[in-house]
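Structure data follow from my_file.pdb (PDB, C-alpha atoms):
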MODEL        1
ATOM      1  CA  MET C 208       0.000   0.000   0.000
ATOM      2  CA  ASN C 209       1.173   3.498  -0.783
ATOM      3  CA  PHE C 210       1.826   5.011   2.645
ATOM      4  CA  SER C 211       1.058   8.590   1.594
ATOM      5  CA  CYS C 212      -2.353   7.587   0.196
ATOM      6  CA  TYR C 213      -3.121   5.589   3.361
ATOM      7  CA  PHE C 214      -2.125   8.575   5.496
ATOM      8  CA  CYS C 215      -4.405  10.883   3.486
ATOM      9  CA  ARG C 216      -7.329   8.496   4.024
ATOM     10  CA  ILE C 217      -6.652   8.416   7.757
ATOM     11  CA  LEU C 218      -6.573  12.201   7.891
ATOM     12  CA  LYS C 219      -9.806  12.454   5.933
ATOM     13  CA  LYS C 220     -11.449   9.834   8.129
ATOM     14  CA  ASP C 221     -10.530  11.750  11.285
ATOM     15  CA  SER C 222     -11.678  15.063   9.755
ATOM     16  CA  PHE C 223      -8.233  16.655   9.869
ATOM     17  CA  GLU C 224      -8.201  18.735   6.725
ATOM     18  CA  PHE C 225      -5.071  20.818   6.302
ATOM     19  CA  TYR C 226      -5.525  23.052   3.279
ATOM     20  CA  MET C 227      -5.910  26.656   2.291
ATOM     21  CA  ASP C 228      -9.519  27.279   1.286
ATOM     22  CA  THR C 229      -9.501  31.001   0.550
ATOM     23  CA  GLU C 230     -12.815  30.810  -1.285
ATOM     24  CA  LYS C 231     -14.434  29.669   1.958
ATOM     25  CA  THR C 232     -12.387  31.575   4.535
ATOM     26  CA  LEU C 233     -12.483  35.087   3.089
ATOM     27  CA  PRO C 234     -16.303  35.281   2.822
ATOM     28  CA  GLU C 235     -16.625  33.868   6.351
ATOM     29  CA  TYR C 236     -14.076  36.399   7.604
ATOM     30  CA  ALA C 237     -15.907  39.202   5.793
ATOM     31  CA  GLY C 238     -19.174  38.170   7.447
ATOM     32  CA  VAL C 239     -17.609  38.405  10.906
ATOM     33  CA  MET C 240     -16.022  41.766   9.989
ATOM     34  CA  GLN C 241     -19.374  43.153   8.887
ATOM     35  CA  ASN C 242     -21.123  42.021  12.073
ATOM     36  CA  CYS C 243     -18.387  43.469  14.315
ATOM     37  CA  ARG C 244     -18.427  46.732  12.359
ATOM     38  CA  GLU C 245     -22.205  47.052  12.741
ATOM     39  CA  VAL C 246     -21.920  46.574  16.510
ATOM     40  CA  PHE C 247     -19.058  49.111  16.668
ATOM     41  CA  VAL C 248     -21.000  51.748  14.705
ATOM     42  CA  LYS C 249     -24.194  51.248  16.750
ATOM     43  CA  LYS C 250     -22.303  51.519  20.046
ATOM     44  CA  MET C 251     -20.566  54.660  18.820
ATOM     45  CA  THR C 252     -23.991  56.069  17.963
ATOM     46  CA  ASP C 253     -25.135  55.343  21.537
ATOM     47  CA  TYR C 254     -21.982  56.303  23.454
ATOM     48  CA  GLY C 255     -19.964  58.423  21.074
ATOM     49  CA  ALA C 256     -16.205  57.834  21.190
ATOM     50  CA  ALA C 257     -16.041  57.775  25.007
ATOM     51  CA  TRP C 258     -13.479  54.953  24.747
ATOM     52  CA  ARG C 259     -10.932  57.459  23.351
ATOM     53  CA  ILE C 260     -10.184  58.426  26.971
ATOM     54  CA  MET C 261      -8.846  54.927  27.690
ATOM     55  CA  ARG C 262      -5.121  54.229  27.847
ATOM     56  CA  THR C 263      -4.074  51.054  26.051
ATOM     57  CA  THR C 264      -3.455  49.381  29.416
ATOM     58  CA  SER C 265      -7.150  49.851  30.222
ATOM     59  CA  VAL C 266      -8.164  48.565  26.794
ATOM     60  CA  THR C 267      -6.020  45.467  27.391
ATOM     61  CA  ASP C 268      -7.674  44.895  30.779
ATOM     62  CA  GLN C 269     -11.131  45.204  29.207
ATOM     63  CA  ILE C 270     -10.218  42.566  26.606
ATOM     64  CA  PHE C 271      -8.783  40.391  29.384
ATOM     65  CA  ILE C 272     -12.063  40.543  31.328
ATOM     66  CA  LYS C 273     -14.028  39.414  28.279
ATOM     67  CA  ALA C 274     -11.636  36.552  27.533
ATOM     68  CA  ARG C 275     -11.717  35.435  31.183
ATOM     69  CA  ARG C 276     -15.526  35.333  31.077
ATOM     70  CA  ILE C 277     -15.424  33.123  27.973
ATOM     71  CA  ARG C 278     -12.970  30.761  29.661
ATOM     72  CA  SER C 279     -15.090  30.716  32.823
ATOM     73  CA  ILE C 280     -18.203  29.756  30.837
ATOM     74  CA  GLU C 281     -16.261  27.103  28.916
ATOM     75  CA  MET C 282     -14.989  25.544  32.141
ATOM     76  CA  LYS C 283     -18.213  25.832  34.184
ATOM     77  CA  GLY C 284     -20.518  24.901  31.314
ATOM     78  CA  VAL C 285     -23.106  27.444  32.445
ATOM     79  CA  MET C 286     -23.563  31.208  32.385
ATOM     80  CA  LYS C 287     -25.768  33.453  34.519
ATOM     81  CA  ILE C 288     -25.706  36.543  32.284
ATOM     82  CA  ALA C 289     -27.697  36.350  29.043
ATOM     83  CA  GLU C 290     -24.916  37.670  26.785
ATOM     84  CA  ASP C 291     -23.271  34.640  25.174
ATOM     85  CA  CYS C 292     -19.674  33.955  24.145
ATOM     86  CA  ARG C 293     -20.273  35.193  20.602
ATOM     87  CA  ALA C 294     -20.974  38.677  21.926
ATOM     88  CA  GLU C 295     -17.813  38.523  24.035
ATOM     89  CA  TYR C 296     -15.678  37.548  21.018
ATOM     90  CA  VAL C 297     -17.180  40.486  19.090
ATOM     91  CA  GLY C 298     -16.312  42.724  22.027
ATOM     92  CA  ILE C 299     -12.748  41.385  22.071
ATOM     93  CA  ILE C 300     -12.358  42.167  18.362
ATOM     94  CA  ASN C 301     -13.735  45.686  18.680
ATOM     95  CA  TYR C 302     -11.676  46.525  21.763
ATOM     96  CA  CYS C 303      -8.541  45.255  20.011
ATOM     97  CA  ILE C 304      -9.225  47.647  17.137
ATOM     98  CA  MET C 305      -9.809  50.433  19.652
ATOM     99  CA  GLY C 306      -6.445  49.499  21.150
ATOM    100  CA  LEU C 307      -4.772  49.742  17.748
ATOM    101  CA  ILE C 308      -6.319  53.175  17.225
ATOM    102  CA  GLN C 309      -5.154  54.281  20.676
ATOM    103  CA  LEU C 310      -1.631  53.056  19.953
ATOM    104  CA  GLU C 311      -1.588  55.332  16.907
ATOM    105  CA  HIS C 312      -3.431  58.365  18.267
ATOM    106  CA  GLY C 313      -3.053  58.101  22.040
ATOM    107  CA  ALA C 314      -5.592  58.474  24.821
ATOM    108  CA  THR C 315      -7.313  61.843  25.031
ATOM    109  CA  ASP C 316      -9.751  63.603  27.353
ATOM    110  CA  THR C 317     -11.239  65.398  24.349
ATOM    111  CA  ASN C 318     -11.706  63.322  21.219
ATOM    112  CA  THR C 319     -10.700  65.225  18.087
ATOM    113  CA  LEU C 320     -11.433  62.443  15.598
ATOM    114  CA  THR C 321     -14.740  62.559  13.736
ATOM    115  CA  CYS C 322     -16.971  59.491  13.540
ATOM    116  CA  ALA C 323     -16.051  59.134   9.855
ATOM    117  CA  GLU C 324     -12.336  59.222  10.699
ATOM    118  CA  ILE C 325     -12.754  56.627  13.444
ATOM    119  CA  ILE C 326     -14.704  54.288  11.171
ATOM    120  CA  ALA C 327     -12.050  54.726   8.461
ATOM    121  CA  LEU C 328      -9.373  53.761  11.028
ATOM    122  CA  TYR C 329     -11.514  50.814  12.109
ATOM    123  CA  ASP C 330     -11.791  49.585   8.511
ATOM    124  CA  ARG C 331      -8.056  50.081   7.889
ATOM    125  CA  TYR C 332      -6.964  48.103  10.935
ATOM    126  CA  PHE C 333      -9.456  45.312  10.270
ATOM    127  CA  ALA C 334      -8.229  45.083   6.661
ATOM    128  CA  GLN C 335      -4.591  44.942   7.836
ATOM    129  CA  THR C 336      -5.514  42.200  10.297
ATOM    130  CA  ARG C 337      -7.321  40.254   7.572
ATOM    131  CA  ASP C 338      -4.249  40.518   5.342
ATOM    132  CA  LEU C 339      -2.107  39.193   8.217
ATOM    133  CA  MET C 340      -4.548  36.293   8.564
ATOM    134  CA  CYS C 341      -4.217  35.474   4.862
ATOM    135  CA  ALA C 342      -0.422  35.419   5.082
ATOM    136  CA  LYS C 343      -0.409  33.210   8.185
ATOM    137  CA  ASN C 344      -3.194  31.032   6.808
ATOM    138  CA  HIS C 345      -1.033  30.357   3.755
ATOM    139  CA  ASP C 346       1.815  29.086   5.921
ATOM    140  CA  TYR C 347      -0.254  27.166   8.463
ATOM    141  CA  ASP C 348      -2.811  25.696   6.024
ATOM    142  CA  GLU C 349      -5.870  26.660   8.080
ATOM    143  CA  ALA C 350      -4.806  24.580  11.069
ATOM    144  CA  TRP C 351      -7.201  26.714  13.146
ATOM    145  CA  ARG C 352     -10.124  24.784  11.671
ATOM    146  CA  THR C 353      -8.991  21.696  13.607
ATOM    147  CA  MET C 354      -8.351  23.536  16.881
ATOM    148  CA  ARG C 355     -10.657  23.413  19.863
ATOM    149  CA  ILE C 356     -12.398  26.733  20.424
ATOM    150  CA  SER C 357     -11.281  26.553  24.055
ATOM    151  CA  SER C 358      -7.674  26.537  22.812
ATOM    152  CA  MET C 359      -8.344  29.757  20.916
ATOM    153  CA  THR C 360      -9.618  31.284  24.161
ATOM    154  CA  ASP C 361      -6.447  30.184  25.960
ATOM    155  CA  LEU C 362      -4.233  31.591  23.201
ATOM    156  CA  ILE C 363      -6.074  34.918  23.420
ATOM    157  CA  LEU C 364      -5.456  34.985  27.174
ATOM    158  CA  GLN C 365      -1.798  34.065  26.669
ATOM    159  CA  LYS C 366      -1.341  36.936  24.227
ATOM    160  CA  LEU C 367      -3.050  39.300  26.659
ATOM    161  CA  LEU C 368      -0.614  38.272  29.397
ATOM    162  CA  ARG C 369       2.218  38.980  26.945
ATOM    163  CA  ILE C 370       0.755  42.415  26.198
ATOM    164  CA  LYS C 371       0.506  43.146  29.931
ATOM    165  CA  GLU C 372       4.185  42.297  30.342
ATOM    166  CA  ILE C 373       5.138  44.544  27.423
ATOM    167  CA  GLU C 374       2.989  47.361  28.821
ATOM    168  CA  ASP C 375       4.609  46.954  32.243
ATOM    169  CA  ASN C 376       7.979  47.288  30.464
ATOM    170  CA  ASN C 377       6.865  50.586  28.902
ATOM    171  CA  GLY C 378       6.270  48.965  25.524
ATOM    172  CA  GLN C 379       9.851  47.779  25.134
ATOM    173  CA  THR C 380      10.722  44.326  23.773
ATOM    174  CA  LEU C 381      14.057  42.665  23.060
ATOM    175  CA  ILE C 382      12.989  40.120  20.454
ATOM    176  CA  SER C 383       9.210  39.741  20.615
ATOM    177  CA  GLU C 384       6.426  41.278  18.565
ATOM    178  CA  GLY C 385       4.942  44.462  19.950
ATOM    179  CA  ILE C 386       1.530  45.247  21.378
ATOM    180  CA  GLY C 387      -0.083  45.975  17.996
ATOM    181  CA  ALA C 388       0.944  42.627  16.503
ATOM    182  CA  ASN C 389      -0.488  40.830  19.527
ATOM    183  CA  TYR C 390      -3.773  42.758  19.242
ATOM    184  CA  MET C 391      -4.004  41.623  15.603
ATOM    185  CA  ASP C 392      -3.345  37.988  16.517
ATOM    186  CA  ILE C 393      -6.083  38.204  19.156
ATOM    187  CA  ILE C 394      -8.514  39.614  16.584
ATOM    188  CA  ASN C 395      -7.796  36.716  14.238
ATOM    189  CA  TYR C 396      -8.243  34.067  16.928
ATOM    190  CA  ALA C 397     -11.539  35.688  17.927
ATOM    191  CA  VAL C 398     -12.671  35.767  14.272
ATOM    192  CA  PHE C 399     -11.746  32.081  13.920
ATOM    193  CA  ALA C 400     -13.729  31.276  17.057
ATOM    194  CA  LEU C 401     -16.780  33.093  15.702
ATOM    195  CA  ILE C 402     -16.500  31.309  12.358
ATOM    196  CA  ARG C 403     -16.322  27.970  14.164
ATOM    197  CA  LEU C 404     -19.219  28.835  16.488
ATOM    198  CA  ASN C 405     -21.368  29.821  13.511
TER     199      ASN C 405
ENDMDL
END
As structure tokens:
Amino acid sequence: MNFSCYFCRILKKDSFEFYMDTEKTLPEYAGVMQNCREVFVKKMTDYGAAWRIMRTTSVTDQIFIKARRIRSIEMKGVMKIAEDCRAEYVGIINYCIMGLIQLEHGATDTNTLTCAEIIALYDRYFAQTRDLMCAKNHDYDEAWRTMRISSMTDLILQKLLRIKEIEDNNGQTLISEGIGANYMDIINYAVFALIRLN
């Protein structure tokens, strides 16, 4: 028997499919982007850009709280607040983009950016994060499709702990990626989780 053919059958049987399926992934990613954007715009309509006062350390802590709630629900198997994990992943994505905007423009007591400018920044950072996903997806062959969603939650929390360390070191790193790169990785894991949950 040809070993490679046998191995392929075993992989198929166990539903481990390692391939790049851009035709499937990009529309799914776009659907998540659109949903997150709609939530972001509606919340900005309700609250304005009040989040512009937040330092990135506070943004990181807000993301951390949401990720911890997801992990808590995953481990306990029950939740007592109606908002489900999907809403928390959307919140994680939107706060990460807020964090990216704050890294570029800084925290401010008086927001000087218009709603149109903020939405343009939102779209730019989400597009950059999508492009990063495409590059990594090419190299890793969509391995995320075979991951447990709980592992994605843990990886998000790990990256948040890394960000906290970098923030505590005044943003300095010796060899590691910076805060922005970690925010983008978190966005992509949260998008993957939403795709899998849907």
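Within the 12 Å cut-off around segment 374-385 of chain C, using all atoms listed in the file and omitting residues fewer than 3 positions from it on the same chain, the listed residues are Arg262, Thr263, Thr264, Ser265, Val266, Thr267, Asp268, Leu307, Leu310, Lys366, Leu367, Leu368, Arg369, Ile370, Lys371, Ala388, Asn389, Tyr390, Met391 and Asp392 of chain C.
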Residues in the PyMOL selection byres ((chain C and resi 402) around 9), expressed as a VMD selection string: chain C and resid 232 235 to 236 238 to 239 397 to 401 403 to 405
Counting all atoms listed in the file, what are the residues of segment 337-387 of chain C within 12 Å of segment 287-299 of chain C, and for each of them which pair of atoms is the nearest and at what distance in Å, to one decimal? Sort the table by chain and rising number, as JSON lines.
{"residue": "C:Ile356", "atom": "CA", "partner": "C:Cys292", "partner_atom": "CA", "distance": 10.9}
{"residue": "C:Ser357", "atom": "CA", "partner": "C:Cys292", "partner_atom": "CA", "distance": 11.2}
{"residue": "C:Met359", "atom": "CA", "partner": "C:Tyr296", "partner_atom": "CA", "distance": 10.7}
{"residue": "C:Thr360", "atom": "CA", "partner": "C:Tyr296", "partner_atom": "CA", "distance": 9.3}
{"residue": "C:Ile363", "atom": "CA", "partner": "C:Ile299", "partner_atom": "CA", "distance": 9.4}
{"residue": "C:Leu364", "atom": "CA", "partner": "C:Ile299", "partner_atom": "CA", "distance": 11.0}
{"residue": "C:Leu367", "atom": "CA", "partner": "C:Ile299", "partner_atom": "CA", "distance": 10.9}
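The space between atom CA of Cys322 of chain C and atom CA of Ala256 of chain C spans 7.9 Å.
Nearest to Asp330 of chain C of all the residues C:Asn301, C:Ser279, C:Thr252, C:Gln269 is C:Asn301, counting all atoms listed in the file.
Evaluated against this file, the PyMOL selection byres ((chain C and resi 316) around 12) yields Ala256, Ala257, Trp258, Arg259, Ile260, Met261, Arg262, Gly313, Ala314, Thr315, Thr317, Asn318, Thr319 and Leu320 of chain C.
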What are the centre and the three edge lengths of an axis-aligned box that wraps all atoms of segment 268-281 of chain C in the file, given that 4 Å is added to every side, written as AutoDock Vina command-line options and rounded to one decimal in Å?
--center_x -12.9 --center_y 36.2 --center_z 29.7 --size_x 18.5 --size_y 26.1 --size_z 14.2
Determine the residue membership of the PyMOL selection byres ((chain C and resi 333) around 10) for the file above and supply it as an MDAnalysis selection string. chainID C and resid 237 240 243:244 300:301 303:304 307 327:332 334:339 391 394:395
I need the residue nearest Gly255 of chain C from this list: C:Asp361, C:Glu349, C:Glu372, C:Thr321. Use all atoms listed in the file for the distance. C:Thr321
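Here atom CA of Arg275 of chain C stands at a distance of 11.0 Å from atom CA of Gln365 of chain C.
The gap separating atom CA of Gln241 of chain C from atom CA of Cys341 of chain C is 17.5 Å, in Å to one decimal.
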